[in-house]
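What follows is the content of model.cif (mmCIF, C-alpha atoms and all ligand atoms).
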```cif
data_run
#
loop_
_atom_site.label_atom_id
_atom_site.label_comp_id
_atom_site.auth_asym_id
_atom_site.auth_seq_id
_atom_site.Cartn_x
_atom_site.Cartn_y
_atom_site.Cartn_z
CA MET A 1 -20.55 -15.86 -6.33
CA ILE A 2 -19.26 -12.47 -5.25
CA GLU A 3 -18.31 -9.92 -7.86
CA VAL A 4 -15.93 -7.09 -6.97
CA THR A 5 -16.20 -3.87 -8.94
CA ALA A 6 -14.31 -0.59 -8.67
CA ILE A 7 -16.27 2.63 -8.33
CA PRO A 8 -13.83 5.45 -9.11
CA ALA A 9 -14.14 8.52 -6.86
CA PHE A 10 -12.35 11.85 -6.52
CA ARG A 11 -9.10 11.92 -8.48
CA ASP A 12 -7.68 8.48 -7.80
CA ASN A 13 -9.77 6.73 -5.12
CA TYR A 14 -11.45 3.37 -5.61
CA ILE A 15 -14.59 2.50 -3.70
CA TRP A 16 -14.87 -1.29 -3.94
CA ALA A 17 -18.33 -2.77 -4.44
CA LEU A 18 -18.88 -6.42 -3.46
CA SER A 19 -22.10 -7.74 -4.94
CA ASN A 20 -24.02 -10.98 -5.35
CA GLU A 21 -26.18 -12.18 -8.24
CA HIS A 22 -29.30 -10.87 -6.48
CA GLY A 23 -28.05 -7.30 -6.66
CA GLU A 24 -27.15 -6.93 -3.01
CA VAL A 25 -24.00 -4.90 -2.55
CA VAL A 26 -21.54 -3.92 0.17
CA VAL A 27 -19.20 -1.01 -0.46
CA VAL A 28 -15.78 -0.32 1.02
CA ASP A 29 -14.63 3.17 2.08
CA PRO A 30 -17.21 5.33 0.31
CA GLY A 31 -15.56 8.73 0.40
CA GLU A 32 -18.34 10.11 -1.79
CA ALA A 33 -21.98 9.07 -1.86
CA GLN A 34 -22.92 10.15 -5.38
CA PRO A 35 -20.81 7.79 -7.51
CA VAL A 36 -21.88 4.90 -5.28
CA ALA A 37 -25.56 5.84 -5.50
CA GLU A 38 -25.30 6.10 -9.29
CA HIS A 39 -23.46 2.78 -9.57
CA ILE A 40 -26.06 0.99 -7.44
CA ASP A 41 -29.11 2.63 -8.98
CA GLN A 42 -27.96 2.05 -12.56
CA ARG A 43 -27.68 -1.65 -11.80
CA GLY A 44 -30.86 -1.86 -9.76
CA GLN A 45 -28.81 -3.01 -6.77
CA ARG A 46 -29.51 -2.62 -3.07
CA LEU A 47 -26.93 -1.47 -0.53
CA VAL A 48 -26.71 -3.93 2.37
CA GLY A 49 -23.57 -2.80 4.18
CA ILE A 50 -20.60 -0.43 4.36
CA LEU A 51 -17.07 -1.42 5.38
CA VAL A 52 -14.65 1.30 6.55
CA THR A 53 -10.88 0.90 7.02
CA HIS A 54 -9.97 4.31 8.48
CA HIS A 55 -11.30 7.77 9.25
CA HIS A 56 -9.90 9.92 6.41
CA PRO A 57 -12.60 12.01 4.68
CA ASP A 58 -11.91 10.48 1.26
CA HIS A 59 -12.87 7.11 2.79
CA VAL A 60 -15.85 8.07 4.98
CA GLY A 61 -17.33 11.20 3.37
CA GLY A 62 -20.24 9.33 1.79
CA VAL A 63 -21.05 6.98 4.67
CA THR A 64 -23.86 8.92 6.34
CA ALA A 65 -25.72 9.72 3.13
CA LEU A 66 -25.45 6.12 1.90
CA ALA A 67 -26.40 4.56 5.23
CA SER A 68 -29.60 6.61 5.22
CA ARG A 69 -30.77 4.65 2.15
CA GLY A 70 -31.99 1.85 4.41
CA ASP A 71 -31.04 -0.43 7.24
CA VAL A 72 -27.36 -0.45 6.35
CA PRO A 73 -24.79 -1.63 8.89
CA VAL A 74 -21.55 0.37 8.95
CA TRP A 75 -18.57 -1.70 10.06
CA GLY A 76 -15.55 0.41 11.02
CA PRO A 77 -12.48 0.66 13.22
CA ALA A 78 -13.17 0.89 16.96
CA ARG A 79 -10.29 3.28 17.58
CA GLU A 80 -11.30 5.94 15.06
CA ARG A 81 -14.17 8.36 14.64
CA VAL A 82 -16.30 7.04 11.81
CA PRO A 83 -19.60 8.82 11.12
CA GLY A 84 -22.58 6.49 11.32
CA ARG A 85 -20.56 3.49 12.46
CA THR A 86 -22.85 0.79 13.85
CA VAL A 87 -20.28 -1.95 14.54
CA ALA A 88 -16.89 -1.08 16.08
CA LEU A 89 -14.16 -3.52 15.08
CA THR A 90 -10.72 -4.45 16.25
CA GLU A 91 -8.29 -7.27 15.52
CA GLY A 92 -9.74 -10.68 16.21
CA ASP A 93 -13.25 -9.60 15.27
CA GLN A 94 -15.00 -11.09 12.27
CA VAL A 95 -17.61 -9.62 9.99
CA THR A 96 -20.03 -12.10 8.44
CA ILE A 97 -22.08 -10.74 5.56
CA GLU A 98 -25.07 -13.04 5.16
CA ALA A 99 -26.19 -11.40 1.92
CA LEU A 100 -22.84 -12.18 0.28
CA ASP A 101 -23.07 -15.96 0.71
CA GLY A 102 -22.03 -15.59 4.36
CA LEU A 103 -18.69 -14.05 3.38
CA THR A 104 -16.60 -13.87 6.55
CA LEU A 105 -13.91 -11.23 6.89
CA ASP A 106 -11.22 -11.25 9.58
CA VAL A 107 -10.33 -7.85 11.00
CA LEU A 108 -6.66 -6.98 11.26
CA ASP A 109 -5.24 -3.95 13.09
CA VAL A 110 -2.81 -2.24 10.72
CA PRO A 111 -1.81 1.08 12.34
CA GLY A 112 0.67 3.42 10.67
CA HIS A 113 -1.20 5.45 8.04
CA THR A 114 -3.71 6.24 10.79
CA ALA A 115 -3.58 5.09 14.40
CA GLY A 116 -6.66 2.86 14.29
CA HIS A 117 -6.56 1.67 10.67
CA ILE A 118 -8.00 -1.80 10.10
CA ALA A 119 -7.95 -4.17 7.13
CA PHE A 120 -10.41 -6.90 6.17
CA TYR A 121 -9.28 -10.32 4.99
CA GLY A 122 -11.53 -13.12 3.72
CA GLY A 123 -12.83 -14.89 0.64
CA GLY A 124 -9.34 -14.66 -0.86
CA MET A 125 -9.43 -10.86 -0.66
CA LEU A 126 -7.53 -8.29 1.35
CA LEU A 127 -9.35 -4.97 1.64
CA ALA A 128 -6.37 -2.90 2.69
CA GLY A 129 -7.56 0.71 2.59
CA ASP A 130 -4.49 2.95 2.67
CA ALA A 131 -2.24 0.55 4.59
CA LEU A 132 -0.82 -1.48 1.69
CA PHE A 133 -0.95 -0.17 -1.88
CA ALA A 134 -0.03 -1.88 -5.11
CA GLY A 135 3.70 -1.18 -5.23
CA GLY A 136 3.66 0.97 -2.11
CA CYS A 137 2.20 1.70 1.31
CA GLY A 138 0.33 4.53 2.98
CA ARG A 139 2.04 7.64 4.30
CA LEU A 140 2.68 7.66 8.02
CA PHE A 141 0.28 10.34 9.18
CA GLU A 142 -0.38 8.93 12.64
CA GLY A 143 2.13 6.15 13.19
CA THR A 144 5.80 5.27 13.35
CA PRO A 145 7.79 3.32 10.78
CA ALA A 146 8.05 0.45 13.28
CA GLN A 147 4.27 0.35 13.67
CA MET A 148 3.70 0.37 9.93
CA ARG A 149 6.31 -2.29 9.32
CA ALA A 150 4.66 -4.51 11.94
CA SER A 151 1.31 -3.95 10.21
CA LEU A 152 2.74 -4.84 6.81
CA ALA A 153 4.58 -7.84 8.28
CA LYS A 154 1.15 -9.15 9.31
CA LEU A 155 -0.26 -8.66 5.81
CA ARG A 156 2.84 -10.27 4.29
CA GLU A 157 1.93 -13.53 6.06
CA LEU A 158 -1.40 -13.90 4.25
CA PRO A 159 -1.55 -16.46 1.41
CA PRO A 160 0.35 -15.23 -1.68
CA GLU A 161 -2.67 -15.74 -3.94
CA THR A 162 -4.66 -13.19 -1.90
CA GLN A 163 -6.17 -10.48 -4.09
CA LEU A 164 -5.20 -7.01 -2.91
CA TYR A 165 -7.83 -4.28 -3.12
CA CYS A 166 -6.57 -0.91 -1.89
CA GLY A 167 -7.93 2.60 -1.77
CA HIS A 168 -6.07 4.44 -4.52
CA GLU A 169 -4.72 4.17 -8.06
CA TYR A 170 -1.14 5.00 -7.10
CA THR A 171 0.51 1.97 -8.68
CA GLN A 172 2.47 3.58 -11.50
CA ALA A 173 4.01 6.30 -9.31
CA ASN A 174 4.74 3.71 -6.64
CA LEU A 175 6.56 1.49 -9.11
CA THR A 176 8.58 4.41 -10.44
CA PHE A 177 9.87 4.86 -6.91
CA ALA A 178 10.32 1.11 -6.45
CA MET A 179 12.63 1.09 -9.49
CA ALA A 180 14.85 3.63 -7.74
CA VAL A 181 15.07 1.35 -4.71
CA GLU A 182 15.60 -1.89 -6.65
CA PRO A 183 16.81 -1.10 -10.18
CA ASP A 184 17.99 -4.69 -10.71
CA ASN A 185 14.74 -6.42 -9.71
CA GLU A 186 13.62 -8.17 -12.90
CA ALA A 187 10.07 -8.91 -11.66
CA LEU A 188 9.72 -5.24 -10.77
CA ARG A 189 10.90 -4.11 -14.20
CA GLU A 190 8.35 -6.37 -15.89
CA ARG A 191 5.59 -5.13 -13.63
CA TYR A 192 6.57 -1.53 -14.25
CA ASP A 193 6.28 -2.03 -18.02
CA ARG A 194 2.97 -3.89 -17.69
CA VAL A 195 1.46 -1.20 -15.46
CA ALA A 196 2.68 1.57 -17.78
CA GLU A 197 0.84 -0.17 -20.65
CA TRP A 198 -2.32 -0.59 -18.60
CA ARG A 199 -2.33 3.07 -17.57
CA ALA A 200 -1.72 4.20 -21.14
CA GLU A 201 -4.86 2.24 -22.04
CA GLY A 202 -6.74 3.79 -19.11
CA ARG A 203 -7.04 0.45 -17.30
CA TYR A 204 -7.13 -0.05 -13.55
CA THR A 205 -4.06 -1.71 -12.06
CA LEU A 206 -6.04 -3.41 -9.29
CA PRO A 207 -6.56 -5.88 -7.82
CA SER A 208 -3.00 -6.98 -7.35
CA THR A 209 -1.94 -10.18 -5.62
CA LEU A 210 0.14 -10.53 -2.52
CA ALA A 211 2.60 -12.65 -4.53
CA THR A 212 3.15 -9.73 -6.91
CA GLU A 213 3.62 -7.36 -3.98
CA LEU A 214 6.07 -9.69 -2.24
CA ALA A 215 8.19 -9.74 -5.40
CA THR A 216 8.06 -6.04 -6.28
CA ASN A 217 6.84 -3.79 -3.45
CA PRO A 218 9.84 -2.26 -1.61
CA PHE A 219 7.71 -1.71 1.50
CA LEU A 220 7.38 -5.49 1.94
CA ARG A 221 11.03 -6.20 1.10
CA TRP A 222 13.02 -4.82 4.06
CA ASP A 223 14.84 -8.16 4.39
CA GLN A 224 16.12 -8.20 0.79
CA PRO A 225 19.86 -7.51 0.55
CA ALA A 226 19.42 -5.14 -2.44
CA VAL A 227 16.83 -3.08 -0.58
CA GLN A 228 19.01 -2.98 2.53
CA ALA A 229 22.08 -1.95 0.54
CA ASN A 230 20.33 0.76 -1.47
CA ALA A 231 18.57 2.12 1.62
CA ALA A 232 21.95 2.34 3.35
CA THR A 233 23.48 4.12 0.38
CA HIS A 234 20.57 6.54 0.21
CA ALA A 235 20.77 7.33 3.94
CA GLY A 236 24.55 7.47 3.98
CA ASN A 237 24.80 4.96 6.80
CA ALA A 238 24.32 1.24 7.34
CA ALA A 239 20.68 0.37 7.97
CA SER A 240 20.97 -2.18 10.71
CA SER A 241 17.49 -3.33 11.64
CA PRO A 242 14.39 -4.09 9.53
CA ASP A 243 12.73 -1.05 11.12
CA ASP A 244 15.68 1.15 10.05
CA VAL A 245 15.51 -0.14 6.48
CA PHE A 246 11.76 0.41 6.35
CA ALA A 247 12.05 3.91 7.86
CA ILE A 248 14.67 4.95 5.31
CA VAL A 249 12.65 3.65 2.36
CA ARG A 250 9.48 5.35 3.67
CA SER A 251 11.13 8.75 4.11
CA TRP A 252 12.94 8.32 0.78
CA LYS A 253 9.54 7.91 -0.91
CA ASP A 254 8.18 10.97 0.91
CA SER A 255 10.86 13.13 -0.70
CA PHE A 256 10.97 11.31 -4.04
ZN ZN A 301 -6.06 7.63 4.13
#
```
Let me see the file written as structure tokens.
Amino acid sequence: MIEVTAIPAFRDNYIWALSNEHGEVVVVDPGEAQPVAEHIDQRGQRLVGILVTHHHPDHVGGVTALASRGDVPVWGPARERVPGRTVALTEGDQVTIEALDGLTLDVLDVPGHTAGHIAFYGGGMLLAGDALFAGGCGRLFEGTPAQMRASLAKLRELPPETQLYCGHEYTQANLTFAMAVEPDNEALRERYDRVAEWRAEGRYTLPSTLATELATNPFLRWDQPAVQANAATHAGNAASSPDDVFAIVRSWKDSF
């Protein structure tokens, strides 16, 4: 049985910890070493691996210090510079973590936020880094809208019950923007209210599910007539292709 726990870091990052009942733990995107070390030591756990989705400092800053705690493999994207990486991954590769009941994760290339960003899918989980957020998606620092849309189109095909674990607590701000894009989306309105309650209580909004994202995340909904129409209105011209719709919604969010 694998337990997934959030280790908060910086202002709004989550470092996900996947652990078994024997106290062996794998962490995802440790941008800082200290909160991870504290989390593990307090529980008497042992670090047995590090998964990395992309090269940004708030996702890799703690890798070297944590890896030095033992014989800790560091799985990361082949196309990015990741300190201490021991296994370079690209789409089609699989990571099997023997300590976690042989959990097998498929590697997906999801460029857009960064050029070599990868995601991990397996055991009913999607470890999405900064590609797909709850209610949003990553900023396009190193990719085009078409690249990012293709990446998200891939994630959209995963089973709807998939649990989404992403790198930041951005959900409430994302949904505020989503309401501007789709003010008449009833599922979105309900989610917005629910998330506002959770945040008022100081609760995490993650994990989400892909089903929830499909119904409410404007960055997965480029083929919805309401999204197309409101994107066109916002841009002042008809958005003709899915890539156009996605590009308008992405730049709209950037200036929101
Ligand atoms: Zn990032």
Near Leu103 of chain A, within 8 Å and counting all atoms listed in the file, which residues show up once chain neighbours fewer than 3 positions away are dropped, as a tab-separated table (two decimals) with C-alpha atoms, keeping the file's coordinate frame?
```
chain	number	residue	atom	x	y	z
A	96	THR	CA	-20.03	-12.10	8.44
A	97	ILE	CA	-22.08	-10.74	5.56
A	98	GLU	CA	-25.07	-13.04	5.16
A	100	LEU	CA	-22.84	-12.18	0.28
A	122	GLY	CA	-11.53	-13.12	3.72
A	123	GLY	CA	-12.83	-14.89	0.64
```
Counting all atoms listed in the file, find the residues whose atoms lie at most 12 Å from (0.7, -8.3, -9.6) (file coordinates) and write them out as a PyMOL selection string.
chain A and resi 133-135+160-165+171+175+187-195+205-217
Determine, for each residue of chain A having at least one atom at most 9 Å from an atom of ligand ZN 301 (chain A), the closest pair of atoms and their separation in Å to one decimal, counting all atoms listed in the file; order by chain and ascending number, as a Markdown table.
```
| residue | atom | partner | partner_atom | distance |
| --- | --- | --- | --- | --- |
| A:Thr53 | CA | A:ZN301 | ZN | 8.8 |
| A:His54 | CA | A:ZN301 | ZN | 6.7 |
| A:His55 | CA | A:ZN301 | ZN | 7.3 |
| A:His56 | CA | A:ZN301 | ZN | 5.0 |
| A:Pro57 | CA | A:ZN301 | ZN | 7.9 |
| A:Asp58 | CA | A:ZN301 | ZN | 7.1 |
| A:His59 | CA | A:ZN301 | ZN | 7.0 |
| A:His113 | CA | A:ZN301 | ZN | 6.6 |
| A:Thr114 | CA | A:ZN301 | ZN | 7.2 |
| A:His117 | CA | A:ZN301 | ZN | 8.9 |
| A:Gly129 | CA | A:ZN301 | ZN | 7.2 |
| A:Asp130 | CA | A:ZN301 | ZN | 5.1 |
| A:Ala131 | CA | A:ZN301 | ZN | 8.1 |
| A:Gly138 | CA | A:ZN301 | ZN | 7.2 |
| A:Arg139 | CA | A:ZN301 | ZN | 8.1 |
| A:Phe141 | CA | A:ZN301 | ZN | 8.5 |
| A:Gly167 | CA | A:ZN301 | ZN | 8.0 |
```
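Note that atom CA of Leu105 of chain A and atom CA of Phe120 of chain A are 5.6 Å apart.
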Segment 179-195 of chain A: axis-aligned bounding box, 6 Å on each side, centre and edge lengths in Å, one decimal, as lines of an AutoDock Vina configuration file:
```
center_x = 9.7
center_y = -2.6
center_z = -11.4
size_x = 28.5
size_y = 24.5
size_z = 25.3
```
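The interatomic distance for the pair atom CA of Val27 of chain A and atom CA of Leu47 of chain A works out to 7.7 Å.
Our summary of the geometry notes that atom CA of Phe177 of chain A is positioned 19.2 Å from atom CA of Asp243 of chain A.
With only C-alpha atoms taken into account, the protein and nucleic acid residues at most 12 Å from Glu80 of chain A (excluding it and anything under 3 positions from it in its own chain) are A:Val52, A:Thr53, A:His54, A:His55, A:His56, A:Val60, A:Trp75, A:Gly76, A:Pro77, A:Pro83, A:Gly84, A:Arg85, A:Val87, A:Ala88, A:Leu89, A:Thr90, A:Asp109, A:Pro111, A:Thr114, A:Ala115, A:Gly116, A:His117, A:Ile118, A:Glu142.
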If you count only C-alpha atoms, which residues fall within 12 Å of Val36 of chain A, apart from same-chain ones fewer than 5 positions away, as a PDB file with C-alpha atoms, in the coordinates of the input?
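Okay, out.pdb is ready:
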```
ATOM      1  CA  THR A   5     -16.200  -3.870  -8.940  1.00  0.00           C
ATOM      2  CA  ALA A   6     -14.310  -0.590  -8.670  1.00  0.00           C
ATOM      3  CA  ILE A   7     -16.270   2.630  -8.330  1.00  0.00           C
ATOM      4  CA  PRO A   8     -13.830   5.450  -9.110  1.00  0.00           C
ATOM      5  CA  ALA A   9     -14.140   8.520  -6.860  1.00  0.00           C
ATOM      6  CA  PHE A  10     -12.350  11.850  -6.520  1.00  0.00           C
ATOM      7  CA  TYR A  14     -11.450   3.370  -5.610  1.00  0.00           C
ATOM      8  CA  ILE A  15     -14.590   2.500  -3.700  1.00  0.00           C
ATOM      9  CA  TRP A  16     -14.870  -1.290  -3.940  1.00  0.00           C
ATOM     10  CA  ALA A  17     -18.330  -2.770  -4.440  1.00  0.00           C
ATOM     11  CA  LEU A  18     -18.880  -6.420  -3.460  1.00  0.00           C
ATOM     12  CA  VAL A  25     -24.000  -4.900  -2.550  1.00  0.00           C
ATOM     13  CA  VAL A  26     -21.540  -3.920   0.170  1.00  0.00           C
ATOM     14  CA  VAL A  27     -19.200  -1.010  -0.460  1.00  0.00           C
ATOM     15  CA  VAL A  28     -15.780  -0.320   1.020  1.00  0.00           C
ATOM     16  CA  ASP A  29     -14.630   3.170   2.080  1.00  0.00           C
ATOM     17  CA  PRO A  30     -17.210   5.330   0.310  1.00  0.00           C
ATOM     18  CA  GLY A  31     -15.560   8.730   0.400  1.00  0.00           C
ATOM     19  CA  ASP A  41     -29.110   2.630  -8.980  1.00  0.00           C
ATOM     20  CA  GLN A  42     -27.960   2.050 -12.560  1.00  0.00           C
ATOM     21  CA  ARG A  43     -27.680  -1.650 -11.800  1.00  0.00           C
ATOM     22  CA  GLN A  45     -28.810  -3.010  -6.770  1.00  0.00           C
ATOM     23  CA  ARG A  46     -29.510  -2.620  -3.070  1.00  0.00           C
ATOM     24  CA  LEU A  47     -26.930  -1.470  -0.530  1.00  0.00           C
ATOM     25  CA  ILE A  50     -20.600  -0.430   4.360  1.00  0.00           C
ATOM     26  CA  GLY A  61     -17.330  11.200   3.370  1.00  0.00           C
ATOM     27  CA  GLY A  62     -20.240   9.330   1.790  1.00  0.00           C
ATOM     28  CA  VAL A  63     -21.050   6.980   4.670  1.00  0.00           C
ATOM     29  CA  ALA A  65     -25.720   9.720   3.130  1.00  0.00           C
ATOM     30  CA  LEU A  66     -25.450   6.120   1.900  1.00  0.00           C
ATOM     31  CA  ALA A  67     -26.400   4.560   5.230  1.00  0.00           C
ATOM     32  CA  ARG A  69     -30.770   4.650   2.150  1.00  0.00           C
TER      33      ARG A  69
END
```
Contacts of Phe246 of chain A within 9 Å, only C-alpha atoms, excl. fewer than 3 positions in-chain, as a PyMOL selection string
chain A and resi 145-146+148-149+218-222+228+231+241-243+249-251
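Residue nearest Gln172 of chain A, chosen from A:Val82, A:Gln147, A:Pro159, A:Tyr204 and counting only C-alpha atoms: A:Tyr204.
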As a compact mmCIF listing (two decimals), in the coordinates of the input, the rebuilt segment 191-219 of chain A with N, CA and C atoms:
```txt
# COMPACT_ATOMS: atom_id res chain seq x y z
N ARG A 191 6.85 -5.68 -14.13
CA ARG A 191 5.59 -5.13 -13.63
C ARG A 191 5.46 -3.65 -14.01
N TYR A 192 6.56 -2.95 -13.91
CA TYR A 192 6.57 -1.53 -14.25
C TYR A 192 6.11 -1.32 -15.70
N ASP A 193 6.65 -2.14 -16.60
CA ASP A 193 6.28 -2.03 -18.02
C ASP A 193 4.80 -2.37 -18.23
N ARG A 194 4.36 -3.44 -17.55
CA ARG A 194 2.97 -3.89 -17.69
C ARG A 194 2.01 -2.80 -17.20
N VAL A 195 2.32 -2.22 -16.04
CA VAL A 195 1.46 -1.20 -15.46
C VAL A 195 1.46 0.07 -16.33
N ALA A 196 2.62 0.40 -16.89
CA ALA A 196 2.68 1.57 -17.78
C ALA A 196 1.76 1.37 -18.98
N GLU A 197 1.74 0.14 -19.53
CA GLU A 197 0.84 -0.17 -20.65
C GLU A 197 -0.62 -0.04 -20.23
N TRP A 198 -0.93 -0.64 -19.07
CA TRP A 198 -2.32 -0.59 -18.60
C TRP A 198 -2.79 0.86 -18.42
N ARG A 199 -1.93 1.69 -17.84
CA ARG A 199 -2.33 3.07 -17.57
C ARG A 199 -2.48 3.85 -18.88
N ALA A 200 -1.61 3.53 -19.84
CA ALA A 200 -1.72 4.20 -21.14
C ALA A 200 -3.05 3.86 -21.80
N GLU A 201 -3.56 2.65 -21.50
CA GLU A 201 -4.86 2.24 -22.04
C GLU A 201 -6.02 2.66 -21.15
N GLY A 202 -5.70 3.35 -20.04
CA GLY A 202 -6.74 3.79 -19.11
C GLY A 202 -7.29 2.69 -18.23
N ARG A 203 -6.54 1.58 -18.12
CA ARG A 203 -7.04 0.45 -17.30
C ARG A 203 -6.65 0.60 -15.85
N TYR A 204 -7.47 0.01 -14.97
CA TYR A 204 -7.13 -0.05 -13.55
C TYR A 204 -5.98 -1.05 -13.35
N THR A 205 -5.18 -0.80 -12.35
CA THR A 205 -4.06 -1.71 -12.06
C THR A 205 -4.39 -2.66 -10.90
N LEU A 206 -5.63 -2.61 -10.43
CA LEU A 206 -6.04 -3.41 -9.29
C LEU A 206 -7.15 -4.38 -9.72
N PRO A 207 -7.35 -5.48 -8.99
CA PRO A 207 -6.56 -5.88 -7.82
C PRO A 207 -5.17 -6.37 -8.20
N SER A 208 -4.30 -6.34 -7.23
CA SER A 208 -3.00 -6.98 -7.35
C SER A 208 -3.08 -8.30 -6.58
N THR A 209 -1.98 -9.02 -6.52
CA THR A 209 -1.94 -10.18 -5.62
C THR A 209 -0.80 -9.97 -4.63
N LEU A 210 -0.92 -10.64 -3.51
CA LEU A 210 0.14 -10.53 -2.52
C LEU A 210 1.46 -11.06 -3.09
N ALA A 211 1.39 -12.10 -3.92
CA ALA A 211 2.60 -12.65 -4.53
C ALA A 211 3.32 -11.58 -5.34
N THR A 212 2.56 -10.81 -6.11
CA THR A 212 3.15 -9.73 -6.91
C THR A 212 3.78 -8.68 -6.00
N GLU A 213 3.08 -8.36 -4.92
CA GLU A 213 3.62 -7.36 -3.98
C GLU A 213 4.89 -7.87 -3.30
N LEU A 214 4.88 -9.13 -2.91
CA LEU A 214 6.07 -9.69 -2.24
C LEU A 214 7.29 -9.60 -3.14
N ALA A 215 7.07 -9.74 -4.45
CA ALA A 215 8.19 -9.74 -5.40
C ALA A 215 8.64 -8.35 -5.81
N THR A 216 7.77 -7.34 -5.65
CA THR A 216 8.06 -6.04 -6.28
C THR A 216 7.84 -4.82 -5.40
N ASN A 217 7.17 -4.96 -4.27
CA ASN A 217 6.84 -3.79 -3.45
C ASN A 217 7.94 -3.55 -2.41
N PRO A 218 8.68 -2.45 -2.51
CA PRO A 218 9.84 -2.26 -1.61
C PRO A 218 9.43 -2.17 -0.14
N PHE A 219 8.15 -1.85 0.11
CA PHE A 219 7.71 -1.71 1.50
C PHE A 219 7.37 -3.06 2.15
```
